[in-house]
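Reviewing the structure listed below.
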Protein chains: 2
Amino acid sequence: MSEKSAGPGRTIGTLARETGVNVETIRFYEREGIIPAPPRTAGNYRLYGPGHVRRLAFIRRARDLGFPLDVVRALLALADQPDRLCGEVDDLVVEQLHEVERKIADLQRLRDELDRLAHQCRGGRISECRIIEALSP
Amino acid sequence: MSEKSAGPGRTIGTLARETGVNVETIRFYEREGIIPAPPRTAGNYRLYGPGHVRRLAFIRRARDLGFPLDVVRALLALADQPDRLCGEVDDLVVEQLHEVERKIADLQRLRDELDRLAHQCRGGRISECRIIEALSP
DNA sequence: CATGGACCCTGTACCAACTACAGGGTCAAC
DNA sequence: GTTGACCCTGTAGTTGGTACAGGGTCCATG
């Protein structure tokens with residue numbers, strides 16, 4: 001076994017490899033209060049347990065889905081309260097869905113404009129370039 | 001006439017209103033060397049002429065199309081050389097088009113995942129929430 | 001026991017592209 | 001002469017990290 005990963009007590013580099021989160025990013029999350037500060041070894045190394053792995057994996061998945069960090073924070077807080085109703089979680093997901101849909105719509109408009117622009121090039125000099133013209137007043 | 005805008009000699013606020021670019025952003029562009037520093041009045045106010053209006057309007061359009069600032073810089077440099085061929089301009093537009101298409105594809109994958117996630121909510125407690133489960137390891 | 005290399009620590013600066021002040025000066029109107 | 005709108009510089013904050021610099025720790029090998 002090359003990595004002592006299952007038990008409680010991995011260093012930050014091992015945690016990084018296990019979760020696919022950068023070492024610097026993990027420290028950044030700790031500074032931001034998104035993950036709790038872990039205990040330290042005698043040599044001042046951070047020591048993470050399985051709980052940290054789960055929390056960080058959760059964060060990574062949420063970030064991969066595009067949730068901003070403060071929403072990730074909210075999701076984590078909700079996940080920690082098993083008795084509350086699911087509604088708030090669903091609301092956050094739906095809101096993120098709409099956000100993504102808005103961004104897609106914006107980018108599609110952009111793509112159409114760029115497409116039109118790209119097709120205007122007739123290969124002459126810049127002085128008669130339709131693209132530059134289209135950008136000029 | 002409420003704004004002396006046509007002739008040469010508007011202050012930064014007037015330029016901002018004419019072009020739809022924020023006052024702070026105009027000063028930022030000047031610091032970044034994207035627009036040249038204009039002459040000043042006796043009272044140290046920036047005084048812009050029609051050339052500045054055109055350049056800033058060009059920048060705004062390019063930014064609205066999502067071009068990053070360094071590409072805007074390149075487009076401006078090309079626009080200033082009327083004898084060069086249009087090819088480079090077209091290349092920049094096509095590259096930006098592809099960039100936008102990549103982003104759309106990424107966001108569409110995200111949307112599909114979020115959509116699946118959002119439909120998993122059965123309205124129970126968080127302890128049995130499928131969304132939280134899906135985010136957990 | 002020393003030493004090398006992989007790993008860890010803190011702290012700071014940097015990225016894009018702005019935005020938001022703070023703390024002051026200018027200008028025109030009333 | 002004073003108000004209020006506008007302008008000036010300079011600095012810090014935004015988001016979500018990344019990239020060092022300059023040091024300390026750990027462990028295996030010689």
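Ordered as shown in the structure tokens, chains take letters A, B, and onward, while each chain numbers its residues from 1 and ligands are numbered from 1 in the order shown.
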Residues near DC27 (chain C), cut-off 12 Å, only C-alpha atoms (C1' of nucleotides), skip fewer than 6 positions along chain, as a ChimeraX atom specification: /B:41-45 /D:3-7
Go ahead and write the selection's residues with C-alpha atoms (C1' of nucleotides) as a short mmCIF file (atom, residue, chain, number, x, y, z; two decimals), in the first residue's frame.
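New file result_38.cif:
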```
data_model
loop_
_atom_site.label_atom_id
_atom_site.label_comp_id
_atom_site.auth_asym_id
_atom_site.auth_seq_id
_atom_site.Cartn_x
_atom_site.Cartn_y
_atom_site.Cartn_z
CA THR B 41 -7.83 71.30 -18.61
CA ALA B 42 -6.28 73.93 -16.36
CA GLY B 43 -8.13 72.33 -13.47
CA ASN B 44 -6.63 68.91 -14.29
CA TYR B 45 -9.80 67.47 -15.80
"C1'" DT D 3 -24.04 74.44 -2.25
"C1'" DG D 4 -23.89 70.39 -5.12
"C1'" DA D 5 -22.36 68.05 -9.08
"C1'" DC D 6 -18.55 66.73 -10.93
"C1'" DC D 7 -13.54 65.60 -11.14
#
```
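A least-squares superposition of chain B onto chain A that uses all C-alpha atoms in sequence order produces an RMSD of 0.2 Å.
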With only C-alpha atoms considered, list every residue of chain A at most 8 Å from chain B, as a tab-separated table (two decimals) with C-alpha atoms, in the first residue's frame.
```tsv
chain	number	residue	atom	x	y	z
A	54	ARG	CA	-16.16	13.52	2.62
A	55	ARG	CA	-16.61	17.23	3.15
A	57	ALA	CA	-15.40	15.70	-1.98
A	58	PHE	CA	-18.81	17.27	-1.45
A	61	ARG	CA	-18.77	18.13	-6.65
A	62	ALA	CA	-20.73	21.25	-5.86
A	65	LEU	CA	-21.65	21.95	-10.83
A	66	GLY	CA	-20.82	25.64	-10.83
A	78	LEU	CA	-27.95	22.30	5.20
A	79	ALA	CA	-26.30	18.91	4.83
A	81	GLN	CA	-28.94	19.56	9.59
A	82	PRO	CA	-30.58	16.24	8.69
A	83	ASP	CA	-33.93	17.13	10.25
A	84	ARG	CA	-34.70	20.15	8.13
A	85	LEU	CA	-36.79	19.87	5.03
A	86	CYS	CA	-35.28	19.39	1.63
A	87	GLY	CA	-36.91	22.48	0.14
A	89	VAL	CA	-31.64	22.48	-0.96
A	90	ASP	CA	-33.93	22.12	-3.93
A	93	VAL	CA	-30.24	23.74	-7.06
A	94	VAL	CA	-33.08	25.24	-9.08
A	96	GLN	CA	-28.27	27.47	-9.96
A	97	LEU	CA	-30.02	25.74	-12.84
A	100	VAL	CA	-26.72	28.36	-15.87
A	101	GLU	CA	-29.62	28.66	-18.29
A	103	LYS	CA	-25.58	32.13	-19.04
A	104	ILE	CA	-26.26	29.71	-21.88
A	107	LEU	CA	-23.58	33.01	-24.75
A	108	GLN	CA	-25.84	31.80	-27.54
A	110	LEU	CA	-22.96	36.12	-28.39
A	111	ARG	CA	-22.20	33.13	-30.58
A	113	GLU	CA	-23.28	37.69	-33.31
A	114	LEU	CA	-19.74	36.38	-33.60
A	115	ASP	CA	-20.84	33.95	-36.27
A	117	LEU	CA	-19.21	38.76	-37.82
A	118	ALA	CA	-16.90	35.94	-38.82
A	121	CYS	CA	-14.64	38.67	-43.82
A	123	GLY	CA	-10.17	38.73	-47.14
A	124	GLY	CA	-9.19	42.25	-48.19
A	125	ARG	CA	-7.28	44.93	-46.32
A	126	ILE	CA	-8.17	46.16	-42.90
A	127	SER	CA	-9.23	49.51	-44.33
A	128	GLU	CA	-12.16	47.77	-45.98
A	129	CYS	CA	-12.62	45.13	-43.30
A	131	ILE	CA	-15.41	43.21	-39.06
A	132	ILE	CA	-13.53	46.31	-37.99
A	135	LEU	CA	-17.02	47.21	-34.32
A	136	SER	CA	-16.56	50.88	-35.18
A	137	PRO	CA	-19.24	53.51	-34.58
```
Mind dumping a table of every chain A residue within 12 Å of chain D, with the nearest atom pair and its distance in Å to one decimal, using only C-alpha atoms (C1' of nucleotides), sorted by chain and rising number, as a tab-separated table?
```
residue	atom	partner	partner_atom	distance
A:Val21	CA	D:DG17	C1'	11.1
A:Asn22	CA	D:DT18	C1'	9.6
A:Val23	CA	D:DT18	C1'	10.5
A:Glu24	CA	D:DT18	C1'	7.7
A:Thr25	CA	D:DG17	C1'	6.6
A:Ile26	CA	D:DG17	C1'	10.1
A:Arg27	CA	D:DG17	C1'	10.6
A:Phe28	CA	D:DG17	C1'	7.8
A:Tyr29	CA	D:DG17	C1'	9.6
A:Glu32	CA	D:DG16	C1'	10.9
A:Thr41	CA	D:DT25	C1'	10.5
A:Ala42	CA	D:DT25	C1'	9.7
A:Gly43	CA	D:DT25	C1'	6.2
A:Asn44	CA	D:DT25	C1'	8.6
A:Tyr45	CA	D:DT25	C1'	8.5
A:Arg63	CA	D:DG16	C1'	10.1
A:Gly66	CA	D:DG16	C1'	11.4
A:Phe67	CA	D:DG16	C1'	11.5
A:Pro68	CA	D:DT15	C1'	8.7
A:Leu69	CA	D:DG16	C1'	8.1
A:Asp70	CA	D:DT15	C1'	10.6
```
Mind dumping the selected residues with N, CA and C atoms as a short mmCIF file (atom, residue, chain, number, x, y, z; two decimals), in the first residue's frame?
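Wrote it out as out.cif, contents follow:
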```
data_model
loop_
_atom_site.label_atom_id
_atom_site.label_comp_id
_atom_site.auth_asym_id
_atom_site.auth_seq_id
_atom_site.Cartn_x
_atom_site.Cartn_y
_atom_site.Cartn_z
N VAL A 21 -8.55 17.90 -5.28
CA VAL A 21 -8.49 19.34 -4.97
C VAL A 21 -7.04 19.71 -4.69
N ASN A 22 -6.60 20.76 -5.30
CA ASN A 22 -5.26 21.29 -5.13
C ASN A 22 -4.90 21.55 -3.67
N VAL A 23 -3.66 21.31 -3.31
CA VAL A 23 -3.20 21.57 -1.95
C VAL A 23 -3.44 23.04 -1.56
N GLU A 24 -3.07 23.94 -2.43
CA GLU A 24 -3.24 25.37 -2.13
C GLU A 24 -4.72 25.70 -1.96
N THR A 25 -5.54 25.04 -2.72
CA THR A 25 -6.98 25.29 -2.64
C THR A 25 -7.54 24.81 -1.31
N ILE A 26 -7.04 23.68 -0.83
CA ILE A 26 -7.50 23.18 0.47
C ILE A 26 -7.16 24.19 1.57
N ARG A 27 -5.94 24.69 1.52
CA ARG A 27 -5.56 25.69 2.53
C ARG A 27 -6.41 26.95 2.39
N PHE A 28 -6.68 27.30 1.14
CA PHE A 28 -7.56 28.44 0.87
C PHE A 28 -8.95 28.21 1.47
N TYR A 29 -9.52 27.03 1.29
CA TYR A 29 -10.83 26.73 1.86
C TYR A 29 -10.80 26.82 3.38
N GLU A 32 -10.90 30.37 4.39
CA GLU A 32 -12.23 30.91 4.13
C GLU A 32 -13.29 30.31 5.04
N THR A 41 0.00 17.68 13.55
CA THR A 41 0.98 16.77 14.13
C THR A 41 1.97 17.59 14.98
N ALA A 42 2.89 16.88 15.62
CA ALA A 42 3.93 17.56 16.40
C ALA A 42 4.74 18.48 15.50
N GLY A 43 4.93 18.09 14.25
CA GLY A 43 5.69 18.90 13.31
C GLY A 43 4.86 19.96 12.60
N ASN A 44 3.66 20.20 13.10
CA ASN A 44 2.78 21.25 12.57
C ASN A 44 2.16 20.92 11.21
N TYR A 45 2.12 19.66 10.86
CA TYR A 45 1.45 19.25 9.63
C TYR A 45 -0.04 19.09 9.91
N ARG A 63 -18.76 22.48 -6.57
CA ARG A 63 -18.03 23.46 -7.39
C ARG A 63 -18.05 23.04 -8.86
N GLY A 66 -20.79 24.20 -10.63
CA GLY A 66 -20.82 25.64 -10.83
C GLY A 66 -21.37 26.44 -9.67
N PHE A 67 -21.69 25.79 -8.57
CA PHE A 67 -22.18 26.54 -7.42
C PHE A 67 -21.09 27.48 -6.91
N PRO A 68 -21.41 28.74 -6.69
CA PRO A 68 -20.42 29.64 -6.09
C PRO A 68 -20.15 29.24 -4.65
N LEU A 69 -19.02 29.69 -4.16
CA LEU A 69 -18.58 29.22 -2.84
C LEU A 69 -19.56 29.53 -1.73
N ASP A 70 -20.23 30.66 -1.77
CA ASP A 70 -21.15 30.95 -0.66
C ASP A 70 -22.37 30.04 -0.70
#
```
Got a sec to tell me which of chain B DSSP assigns to helix (DSSP H, G or I), as a PyMOL selection string? chain B and resi 12-19+23-31+50-64+69-79+87-118+126-128+130-135
From region 18-106 of chain A, collect each residue whose DSSP state is strand (DSSP E or B) and return the set as JSON, numbers by chain. {"A": [40, 46, 48, 85]}
Residues of the last selection are to be written out with N, CA and C atoms, as a tab-separated table (two decimals), in the first residue's frame.
```tsv
chain	number	residue	atom	x	y	z
A	40	ARG	N	-3.22	19.16	14.17
A	40	ARG	CA	-1.87	19.17	13.61
A	40	ARG	C	-1.00	18.11	14.27
A	46	ARG	N	-0.87	19.52	8.95
A	46	ARG	CA	-2.31	19.27	9.07
A	46	ARG	C	-2.58	17.77	8.93
A	48	TYR	N	-5.67	15.10	8.36
A	48	TYR	CA	-7.08	15.01	8.00
A	48	TYR	C	-7.63	13.61	8.21
A	85	LEU	N	-36.18	20.35	6.26
A	85	LEU	CA	-36.79	19.87	5.03
A	85	LEU	C	-35.89	20.16	3.83
```
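The part of chain C that reaches within 9 Å of chain A is made up of DC7, DC8 and DC9 of chain C, counting only C-alpha atoms (C1' of nucleotides).
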